[in-house]
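Shown below: run15.txt, with compact mmCIF, C-alpha atoms.
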```txt
# COMPACT_ATOMS: atom_id res chain seq x y z
CA GLY A 20 -69.32 -39.89 -19.06
CA THR A 21 -71.74 -39.52 -16.18
CA LEU A 22 -70.78 -38.93 -12.55
CA ILE A 23 -73.34 -40.01 -9.97
CA ILE A 24 -72.95 -39.02 -6.33
CA PHE A 25 -75.35 -40.12 -3.62
CA LYS A 26 -75.48 -41.04 0.06
CA SER A 27 -74.88 -44.77 0.05
CA ASP A 28 -76.41 -45.23 3.51
CA LYS A 29 -79.66 -43.62 2.37
CA ILE A 30 -80.23 -45.02 -1.14
CA PRO A 31 -80.42 -48.81 -1.77
CA HIS A 32 -77.87 -49.75 -4.43
CA GLU A 33 -75.75 -52.61 -5.72
CA VAL A 34 -72.96 -53.24 -8.20
CA LEU A 35 -74.07 -55.21 -11.25
CA ASP A 36 -71.97 -57.36 -13.53
CA THR A 37 -70.70 -55.94 -16.78
CA ASN A 38 -68.94 -57.24 -19.87
CA ALA A 39 -67.32 -53.87 -20.55
CA GLU A 40 -64.12 -52.70 -18.91
CA ARG A 41 -64.71 -50.14 -16.21
CA CYS A 42 -62.71 -48.24 -13.61
CA ALA A 43 -63.67 -47.51 -10.03
CA ILE A 44 -62.34 -44.95 -7.58
CA VAL A 45 -62.96 -45.78 -3.94
CA GLY A 46 -62.25 -43.33 -1.17
CA TRP A 47 -63.28 -42.03 2.20
CA PHE A 48 -64.34 -38.54 3.22
CA LEU A 49 -62.54 -37.19 6.24
CA SER A 50 -64.83 -37.19 9.26
CA SER A 51 -65.08 -34.24 11.62
CA THR A 52 -66.14 -36.62 14.40
CA GLY A 53 -63.41 -39.19 13.76
CA PRO A 54 -59.63 -39.16 14.19
CA ASN A 55 -58.99 -36.84 11.23
CA THR A 56 -59.77 -33.29 12.38
CA SER A 57 -57.91 -31.40 9.67
CA ASP A 58 -58.06 -31.37 5.90
CA LEU A 59 -55.20 -32.27 3.56
CA ASN A 60 -53.79 -28.75 3.86
CA GLY A 61 -53.70 -28.87 7.63
CA ASN A 62 -56.70 -26.60 8.13
CA GLU A 63 -58.95 -27.45 11.07
CA ILE A 64 -62.31 -28.97 10.21
CA ILE A 65 -65.18 -27.33 12.06
CA PRO A 66 -67.40 -30.11 13.47
CA GLN A 67 -70.93 -30.19 12.09
CA GLN A 68 -73.89 -31.99 13.55
CA SER A 69 -75.52 -34.62 11.40
CA PRO A 70 -79.13 -33.75 10.51
CA SER A 71 -80.22 -37.17 11.78
CA ILE A 72 -78.72 -36.59 15.24
CA PRO A 73 -80.17 -34.05 17.67
CA THR A 74 -77.95 -31.07 18.46
CA LYS A 75 -76.41 -30.65 21.88
CA LYS A 76 -79.12 -28.13 22.63
CA ASP A 77 -81.77 -30.81 22.18
CA GLY A 78 -79.74 -33.44 24.03
CA ILE A 79 -81.00 -36.87 25.05
CA ASP A 80 -84.25 -37.66 26.81
CA GLU A 81 -83.48 -37.97 30.54
CA GLU A 82 -85.02 -41.42 30.97
CA THR A 83 -83.19 -42.64 27.86
CA LEU A 84 -79.88 -41.28 29.13
CA ASN A 85 -80.27 -43.04 32.49
CA SER A 86 -81.11 -46.29 30.70
CA LEU A 87 -78.03 -46.00 28.48
CA ARG A 88 -75.82 -45.38 31.51
CA LYS A 89 -77.15 -48.52 33.21
CA LEU A 90 -76.58 -50.51 30.04
CA LYS A 91 -73.04 -49.15 29.72
CA ASP A 92 -72.27 -50.13 33.32
CA ALA A 93 -73.62 -53.64 32.73
CA VAL A 94 -71.75 -54.23 29.43
CA PRO A 95 -68.03 -53.33 29.70
CA SER A 96 -67.48 -53.70 25.94
CA ILE A 97 -69.75 -50.68 25.33
CA SER A 98 -67.25 -48.38 27.04
CA GLN A 99 -64.50 -49.78 24.86
CA LYS A 100 -66.53 -49.30 21.70
CA LEU A 101 -67.42 -45.72 22.56
CA LYS A 102 -63.80 -44.67 22.90
CA PRO A 103 -62.49 -42.43 20.10
CA ALA A 104 -60.98 -44.47 17.25
CA PRO A 105 -57.15 -44.69 17.01
CA PRO A 106 -55.39 -42.58 14.38
CA VAL A 107 -55.41 -43.77 10.78
CA SER A 108 -53.76 -42.48 7.65
CA GLN A 109 -55.39 -39.64 5.75
CA SER A 110 -56.08 -42.10 2.97
CA GLY A 111 -58.34 -44.01 5.35
CA MET A 112 -56.63 -47.27 4.32
CA ILE A 113 -55.38 -49.44 7.16
CA GLY A 114 -51.85 -50.68 6.60
CA PHE A 115 -50.88 -47.87 4.24
CA GLU A 116 -49.68 -45.39 6.88
CA ASP A 117 -46.10 -45.49 5.59
CA PHE A 118 -46.99 -45.26 1.92
CA ASN A 119 -46.85 -41.82 0.33
CA PHE A 120 -49.66 -41.30 -2.16
CA PRO A 121 -48.94 -38.58 -4.72
CA GLY A 122 -50.44 -35.30 -3.58
CA PHE A 123 -51.21 -36.48 -0.07
CA GLY A 124 -48.00 -35.25 1.57
CA THR A 125 -46.61 -36.59 4.81
CA GLU A 126 -48.95 -38.27 7.27
CA THR A 127 -49.28 -36.58 10.62
CA LYS A 128 -50.65 -38.88 13.31
CA THR A 129 -52.92 -37.48 15.97
CA GLU A 130 -52.33 -38.42 19.57
CA SER A 131 -55.21 -40.14 21.35
CA ALA A 132 -55.35 -37.29 23.84
CA ASN A 133 -56.28 -34.91 21.04
CA LEU A 134 -59.08 -37.03 19.63
CA PRO A 135 -62.54 -35.47 19.91
CA SER A 136 -64.65 -36.68 22.80
CA PHE A 137 -68.17 -35.82 23.89
CA PRO A 138 -69.96 -35.95 27.26
CA ASP A 139 -72.50 -38.72 27.59
CA THR A 140 -75.28 -36.12 27.52
CA ASP A 141 -74.36 -35.48 23.87
CA PRO A 142 -75.89 -37.82 21.26
CA LEU A 143 -72.49 -37.95 19.54
CA HIS A 144 -71.09 -39.81 22.56
CA TRP A 145 -73.40 -42.74 21.79
CA GLN A 146 -73.32 -42.63 17.99
CA LYS A 147 -71.53 -45.99 17.65
CA ILE A 148 -74.36 -47.88 19.30
CA CYS A 149 -77.49 -45.80 18.80
CA THR A 150 -79.20 -42.92 17.05
CA PHE A 151 -81.89 -40.62 18.36
CA ASP A 152 -84.95 -38.80 17.11
CA GLU A 153 -85.59 -35.09 17.54
CA SER A 154 -86.97 -35.62 21.03
CA GLY A 155 -83.81 -37.42 22.14
CA LYS A 156 -85.30 -40.91 22.20
CA ILE A 157 -83.59 -43.96 20.70
CA THR A 158 -84.46 -44.94 17.14
CA THR A 159 -81.60 -47.40 16.49
CA LEU A 160 -79.92 -49.62 19.09
CA SER A 161 -76.91 -51.58 17.83
CA LEU A 162 -75.37 -54.03 20.30
CA GLY A 163 -74.12 -56.54 17.73
CA SER A 164 -71.12 -58.71 18.78
CA MET A 165 -71.36 -57.61 22.41
CA ARG A 166 -71.69 -60.52 24.83
CA LEU A 167 -74.94 -59.99 26.71
CA HIS A 168 -75.53 -63.42 28.24
CA ARG A 169 -74.78 -62.15 31.77
CA VAL A 170 -76.71 -58.88 31.53
CA ALA A 171 -79.63 -58.73 33.96
CA ARG A 172 -83.12 -58.93 32.54
CA GLU A 173 -84.15 -55.60 34.06
CA VAL A 174 -81.29 -53.83 32.26
CA MET A 175 -82.30 -55.16 28.85
CA LEU A 176 -85.99 -54.51 29.42
CA GLN A 177 -85.72 -50.80 30.20
CA PRO A 178 -88.60 -49.27 28.17
CA SER A 179 -86.59 -46.33 26.85
CA LEU A 180 -84.09 -48.74 25.25
CA LEU A 181 -86.87 -50.59 23.49
CA ASN A 182 -88.30 -47.57 21.70
CA ALA A 183 -86.04 -48.37 18.73
CA THR A 184 -87.30 -49.05 15.23
CA THR A 185 -84.04 -50.87 14.39
CA LEU A 186 -82.59 -53.39 16.84
CA ASP A 187 -79.26 -55.18 16.33
CA LEU A 188 -78.62 -58.08 18.71
CA ALA A 189 -76.53 -60.22 16.36
CA SER A 190 -73.87 -62.44 17.96
CA THR A 191 -74.76 -61.36 21.47
CA ASP A 192 -75.63 -64.74 23.06
CA LEU A 193 -78.55 -63.13 24.83
CA PRO A 194 -80.48 -65.91 26.61
CA LEU A 195 -83.55 -66.93 24.65
CA PRO A 196 -86.13 -66.11 27.37
CA ILE A 197 -84.74 -62.57 27.71
CA LEU A 198 -84.54 -62.19 23.93
CA CYS A 199 -88.21 -63.14 23.59
CA ASP A 200 -89.12 -60.67 26.36
CA VAL A 201 -87.10 -57.92 24.65
CA LEU A 202 -88.90 -58.45 21.35
CA GLY A 203 -92.21 -58.55 23.16
CA GLU A 204 -91.53 -55.07 24.54
CA CYS A 205 -90.45 -53.47 21.23
CA PRO A 206 -93.74 -52.28 19.74
CA ARG A 207 -92.11 -49.92 17.19
CA VAL A 208 -89.33 -52.16 15.87
CA LYS A 209 -89.26 -52.70 12.09
CA GLN A 210 -85.79 -54.18 11.61
CA ILE A 211 -84.35 -56.96 13.77
CA HIS A 212 -80.83 -58.39 13.37
CA LEU A 213 -80.28 -61.67 15.23
CA GLY A 214 -77.60 -63.42 13.18
CA GLY A 215 -75.01 -65.67 14.83
CA ASN A 216 -76.90 -66.44 18.04
CA ALA A 217 -77.14 -70.24 17.67
CA LEU A 218 -80.92 -70.03 18.09
CA GLY A 219 -81.62 -73.37 16.47
CA ASP A 220 -85.11 -74.57 15.63
CA ASN A 221 -86.43 -74.20 19.18
CA GLY A 222 -85.23 -70.61 19.38
CA VAL A 223 -86.87 -69.64 16.10
CA ILE A 224 -90.11 -71.36 17.07
CA ALA A 225 -90.14 -69.38 20.33
CA LEU A 226 -89.42 -66.09 18.56
CA CYS A 227 -92.19 -66.69 16.06
CA GLN A 228 -94.67 -66.67 18.94
CA THR A 229 -93.88 -63.00 19.67
CA PRO A 230 -96.41 -60.88 17.72
CA VAL A 231 -93.85 -58.18 16.98
CA LEU A 232 -91.88 -60.47 14.67
CA ARG A 233 -94.53 -60.66 11.97
CA HIS A 234 -94.97 -56.88 12.07
CA CYS A 235 -91.29 -56.26 11.20
CA ARG A 236 -90.14 -55.33 7.70
CA THR A 237 -86.66 -56.87 7.90
CA ILE A 238 -85.54 -59.93 9.89
CA ASP A 239 -81.95 -61.20 9.91
CA LEU A 240 -81.50 -64.80 11.13
CA ARG A 241 -78.22 -65.70 9.42
CA TYR A 242 -76.02 -68.46 10.84
CA ASN A 243 -78.36 -69.69 13.54
CA ASP A 244 -78.36 -73.48 12.97
CA ILE A 245 -81.94 -73.34 11.73
CA GLY A 246 -83.31 -76.52 10.18
CA ALA A 247 -86.60 -77.69 8.72
CA ASP A 248 -88.65 -77.19 11.91
CA GLY A 249 -87.52 -73.59 12.32
CA ALA A 250 -88.18 -72.92 8.65
CA GLU A 251 -91.68 -74.33 9.01
CA ALA A 252 -92.36 -71.92 11.90
CA LEU A 253 -91.20 -69.00 9.76
CA GLY A 254 -93.34 -70.25 6.89
CA ARG A 255 -96.44 -70.23 9.10
CA LEU A 256 -95.58 -66.68 10.15
CA LEU A 257 -95.38 -65.55 6.53
CA LYS A 258 -98.81 -66.98 5.79
CA MET A 259 -100.55 -64.83 8.41
CA GLU A 260 -102.77 -62.16 6.90
CA ASP A 261 -101.22 -59.36 8.96
CA CYS A 262 -97.60 -60.41 8.27
CA CYS A 263 -95.49 -57.44 7.13
CA ILE A 264 -92.11 -59.16 6.62
CA GLU A 265 -90.54 -58.02 3.35
CA VAL A 266 -86.86 -58.97 3.74
CA LEU A 267 -85.67 -62.22 5.32
CA PHE A 268 -82.00 -63.21 5.75
CA LEU A 269 -81.37 -66.92 6.32
CA GLU A 270 -77.90 -67.56 4.89
CA GLY A 271 -75.67 -70.16 6.47
CA ASN A 272 -78.37 -72.31 8.07
CA MET A 273 -79.39 -75.93 7.46
CA LEU A 274 -82.78 -75.64 5.78
CA GLY A 275 -82.25 -78.20 3.03
CA ASP A 276 -84.95 -79.15 0.55
CA VAL A 277 -87.45 -80.00 3.29
CA GLY A 278 -87.03 -76.70 5.12
CA VAL A 279 -87.09 -74.49 2.06
CA LYS A 280 -90.46 -75.90 1.06
CA ALA A 281 -91.88 -73.71 3.84
CA PHE A 282 -91.15 -70.69 1.62
CA GLU A 283 -93.11 -71.97 -1.35
CA GLU A 284 -95.68 -69.35 -0.37
CA THR A 285 -93.83 -66.11 0.32
CA HIS A 286 -96.81 -63.70 0.49
CA SER A 287 -95.41 -60.37 1.78
CA LEU A 288 -91.75 -61.22 1.08
CA LEU A 289 -89.89 -59.11 -1.47
CA GLU A 290 -86.35 -60.34 -0.76
CA LEU A 291 -85.26 -63.78 0.43
CA TYR A 292 -81.64 -64.71 1.20
CA LEU A 293 -80.98 -68.47 1.27
CA GLY A 294 -77.28 -68.82 0.47
CA GLN A 295 -75.42 -71.88 1.83
CA ASN A 296 -78.41 -73.88 2.99
CA ASN A 297 -77.80 -77.20 1.23
CA ILE A 298 -80.70 -76.62 -1.14
CA GLY A 299 -80.90 -79.06 -4.04
CA LYS A 300 -83.06 -79.44 -7.12
CA ALA A 301 -86.18 -80.35 -5.09
CA GLY A 302 -85.85 -77.18 -3.03
CA ALA A 303 -85.32 -75.15 -6.18
CA GLU A 304 -88.52 -76.62 -7.62
CA SER A 305 -90.47 -75.55 -4.50
CA LEU A 306 -89.10 -72.02 -4.66
CA ALA A 307 -89.75 -71.77 -8.39
CA HIS A 308 -93.35 -72.84 -7.89
CA GLY A 309 -93.73 -70.09 -5.29
CA LEU A 310 -92.81 -67.45 -7.86
CA GLU A 311 -96.15 -68.03 -9.57
CA THR A 312 -98.16 -66.60 -6.67
CA GLY A 313 -95.68 -64.58 -4.60
CA ARG A 314 -94.35 -61.02 -4.84
CA LEU A 315 -90.67 -61.95 -4.51
CA LYS A 316 -88.35 -59.57 -6.36
CA LYS A 317 -84.94 -60.79 -5.17
CA LEU A 318 -83.89 -64.36 -4.45
CA TYR A 319 -80.36 -65.25 -3.33
CA LEU A 320 -79.29 -68.89 -3.57
CA GLU A 321 -75.50 -68.72 -3.72
CA GLY A 322 -73.51 -71.72 -2.57
CA ASN A 323 -76.23 -74.35 -2.75
CA CYS A 324 -76.50 -77.38 -5.04
CA ILE A 325 -79.57 -76.82 -7.22
CA GLY A 326 -77.69 -78.03 -10.34
CA PRO A 327 -78.97 -77.84 -13.93
CA GLU A 328 -82.32 -79.38 -12.96
CA GLY A 329 -82.96 -76.72 -10.35
CA ALA A 330 -82.02 -73.97 -12.78
CA ASP A 331 -84.45 -75.42 -15.32
CA SER A 332 -87.24 -75.36 -12.70
CA PHE A 333 -86.79 -71.62 -12.36
CA ARG A 334 -86.44 -71.09 -16.10
CA ILE A 335 -89.64 -72.94 -16.95
CA VAL A 336 -91.73 -71.00 -14.43
CA LEU A 337 -90.22 -67.64 -15.40
CA GLU A 338 -90.78 -68.29 -19.10
CA ARG A 339 -94.39 -69.23 -18.39
CA LEU A 340 -94.94 -66.05 -16.38
CA GLY A 341 -93.34 -63.83 -18.98
CA ASP A 342 -93.98 -60.14 -18.34
CA GLU A 343 -96.20 -60.98 -15.37
CA LYS A 344 -93.30 -62.17 -13.23
CA HIS A 345 -92.30 -60.17 -10.15
CA LEU A 346 -88.77 -61.59 -9.83
CA GLU A 347 -86.11 -59.11 -10.92
CA LYS A 348 -82.91 -60.60 -9.52
CA LEU A 349 -81.83 -64.19 -9.01
CA TYR A 350 -78.38 -65.10 -7.68
CA VAL A 351 -77.35 -68.71 -8.16
CA ASP A 352 -73.54 -68.71 -8.37
CA ASN A 353 -71.68 -71.77 -7.04
CA ASN A 354 -74.59 -74.13 -7.64
CA GLY A 355 -73.11 -76.47 -10.26
CA ILE A 356 -75.43 -75.14 -12.93
CA GLY A 357 -73.10 -74.94 -15.90
CA LYS A 358 -72.72 -72.26 -18.54
CA ASP A 359 -75.56 -73.23 -20.89
CA HIS A 360 -78.20 -73.55 -18.19
CA ALA A 361 -77.01 -70.32 -16.54
CA GLN A 362 -77.35 -68.40 -19.79
CA ALA A 363 -80.82 -69.82 -20.41
CA LEU A 364 -81.85 -68.87 -16.88
CA ALA A 365 -80.45 -65.35 -17.26
CA LYS A 366 -82.50 -64.91 -20.40
CA ALA A 367 -85.66 -66.04 -18.59
CA VAL A 368 -85.05 -63.59 -15.74
CA ASN A 369 -84.10 -60.94 -18.29
CA SER A 370 -81.45 -59.61 -15.93
CA ALA A 371 -77.67 -59.58 -15.77
CA THR A 372 -77.84 -60.31 -12.07
CA VAL A 373 -78.02 -64.05 -12.56
CA ILE A 374 -74.65 -65.67 -11.97
CA GLY A 375 -73.90 -69.33 -12.46
CA ASP A 376 -70.56 -71.08 -12.93
CA GLY A 377 -69.12 -68.59 -15.34
CA GLY A 378 -72.26 -68.58 -17.42
CA LEU A 379 -72.26 -64.82 -17.76
CA PHE A 380 -74.22 -63.44 -20.52
CA GLN A 381 -73.71 -63.01 -24.20
```

Any chance you could put this one into structure tokens?
Amino acid sequence: GTLIIFKSDKIPHEVLDTNAERCAIVGWFLSSTGPNTSDLNGNEIIPQQSPSIPTKKDGIDEETLNSLRKLKDAVPSISQKLKPAPPVSQSGMIGFEDFNFPGFGTETKTESANLPSFPDTDPLHWQKICTFDESGKITTLSLGSMRLHRVAREVMLQPSLLNATTLDLASTDLPLPILCDVLGECPRVKQIHLGGNALGDNGVIALCQTPVLRHCRTIDLRYNDIGADGAEALGRLLKMEDCCIEVLFLEGNMLGDVGVKAFEETHSLLELYLGQNNIGKAGAESLAHGLETGRLKKLYLEGNCIGPEGADSFRIVLERLGDEKHLEKLYVDNNGIGKDHAQALAKAVNSATVIGDGGLFQ
């Protein structure tokens, strides 16, 4: 057989369906910066700096460090998140501390006092919420699930915090005016994660007026109560000549057939995620029509209601396009398609990544 090893956080990958029996081994490497500081034989692991994080010698840019300290003071949950993780079993599996795996020996738990800690001048101190470039400036800022609705505007708008190319503000309840101001001051950002903020149509319309949004590569707007009006605003954004958006996450909203029509012209989009949006056969027909002129390579429609008619809309367009189609992957499980229509659709896509009501491929 063939063994393939790669860094899963660096190389895009996914698990495909198969008709053949296969085995998988899942495990975790012990981390020199986490709770496990010795190998399975009890030998101490010498900490090593990650290549993507500046060494202690390089440190953090002074202005950036001061901004992070102000942010930490303003958001108590940051201090909690930055604390060293509690001990876990050497297997890395929560709940299996008392189970003896063959060859693993007896688990020795590490006291919290012995867990590695780093001064806040060390990039490793902040690694759970941000990463830095070689000059010690922020490249990724991840504040997801931290309640920010009471954080002062001047704290969030510190320029050194907004140098990031990746910004995660999902489920933060950041007030919309401050959120718009933050995005307006992030000239380098390429990935924005805003899921679970209850933005609604008005919030999305306001965000679409910030120029930075259309210059992003990835935008995550999952579970934001977005309806047809918000979808229309996003559709207008995608039609702009200078729009750079390639990946758009919209699962768990309320687009429906009317809203999804806004994505009939996808232009720069390569991946579109529309699971659980109450999309029926009319919406499927709009999306299928868009495949004739767009560049879309991946389309996710799980948990909608496109039915056999919607599946046929995709099949007809894909068969007409033949080898000229761009679409490589289409996910339509839990759509009431039925086995025969799912198999016909899979053949048209020419990919085993189509799933539909058990209609997996011959």

Exercise. What is the distance between CA of Lys316 (chain A) and CA of Phe25 (chain A), in Å to one decimal?
Worked result: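 It comes out at 23.6 Å.
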
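The coordinates place CA of Asp239 (chain A) at 23.3 Å from CA of Ile325 (chain A).
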
Problem set entry | Selection: 9 Å around His286 (chain A), all atoms listed in the file, excl. self and same-chain fewer than 5 positions, as a PyMOL selection string | chain A and resi 257-260+262+264-265+312-315

Can I get the selected residues back with C-alpha atoms, as an mmCIF file, in the coordinates of the input?
```
data_model
loop_
_atom_site.group_PDB
_atom_site.id
_atom_site.type_symbol
_atom_site.label_atom_id
_atom_site.label_comp_id
_atom_site.auth_asym_id
_atom_site.auth_seq_id
_atom_site.Cartn_x
_atom_site.Cartn_y
_atom_site.Cartn_z
ATOM 1 C CA LEU A 257 -95.380 -65.550 6.530
ATOM 2 C CA LYS A 258 -98.810 -66.980 5.790
ATOM 3 C CA MET A 259 -100.550 -64.830 8.410
ATOM 4 C CA GLU A 260 -102.770 -62.160 6.900
ATOM 5 C CA CYS A 262 -97.600 -60.410 8.270
ATOM 6 C CA ILE A 264 -92.110 -59.160 6.620
ATOM 7 C CA GLU A 265 -90.540 -58.020 3.350
ATOM 8 C CA THR A 312 -98.160 -66.600 -6.670
ATOM 9 C CA GLY A 313 -95.680 -64.580 -4.600
ATOM 10 C CA ARG A 314 -94.350 -61.020 -4.840
ATOM 11 C CA LEU A 315 -90.670 -61.950 -4.510
#
```

Exercise. Could you name the residues that touch Met273 (chain A) at 7 Å or less, counting only C-alpha atoms, but leaving out those on the same chain fewer than 4 positions away, as a ChimeraX atom specification?
Worked result: /A:244-246,296-297

Residues just named, written with C-alpha atoms as a PDB file, in the frame of the given file:
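Listed below is the output, part-v9.pdb:
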```pdb
ATOM      1  CA  ASP A 244     -78.360 -73.480  12.970  1.00  0.00           C
ATOM      2  CA  ILE A 245     -81.940 -73.340  11.730  1.00  0.00           C
ATOM      3  CA  GLY A 246     -83.310 -76.520  10.180  1.00  0.00           C
ATOM      4  CA  ASN A 296     -78.410 -73.880   2.990  1.00  0.00           C
ATOM      5  CA  ASN A 297     -77.800 -77.200   1.230  1.00  0.00           C
TER       6      ASN A 297
END
```

Within 12 Å of region 215-229 of chain A, which residues of region 260-371 of chain A show up? Give each one with its shortest atom-to-atom distance in Å (one decimal) and the two atoms involved, counting only C-alpha atoms, rows by chain then rising residue number, as JSON lines.
```
{"residue": "A:Cys262", "atom": "CA", "partner": "A:Cys227", "partner_atom": "CA", "distance": 11.4}
{"residue": "A:Phe268", "atom": "CA", "partner": "A:Gly215", "partner_atom": "CA", "distance": 11.7}
{"residue": "A:Leu269", "atom": "CA", "partner": "A:Gly215", "partner_atom": "CA", "distance": 10.7}
{"residue": "A:Glu270", "atom": "CA", "partner": "A:Gly215", "partner_atom": "CA", "distance": 10.5}
{"residue": "A:Gly271", "atom": "CA", "partner": "A:Gly215", "partner_atom": "CA", "distance": 9.5}
{"residue": "A:Asn272", "atom": "CA", "partner": "A:Gly219", "partner_atom": "CA", "distance": 9.1}
{"residue": "A:Met273", "atom": "CA", "partner": "A:Gly219", "partner_atom": "CA", "distance": 9.6}
{"residue": "A:Leu274", "atom": "CA", "partner": "A:Asp220", "partner_atom": "CA", "distance": 10.2}
{"residue": "A:Gly278", "atom": "CA", "partner": "A:Asp220", "partner_atom": "CA", "distance": 10.9}
```

For this session: Quick one: everything within 12 Å of Gly341 (chain A), counting all atoms listed in the file, minus sequence neighbours fewer than 4 positions away in the same chain. Send it as a PyMOL selection string.
Result: chain A and resi 310-311+334-337+345-347+366-369

Seminar exercise, completed: Here CA of Phe282 (chain A) and CA of Gly249 (chain A) stand apart by 11.7 Å
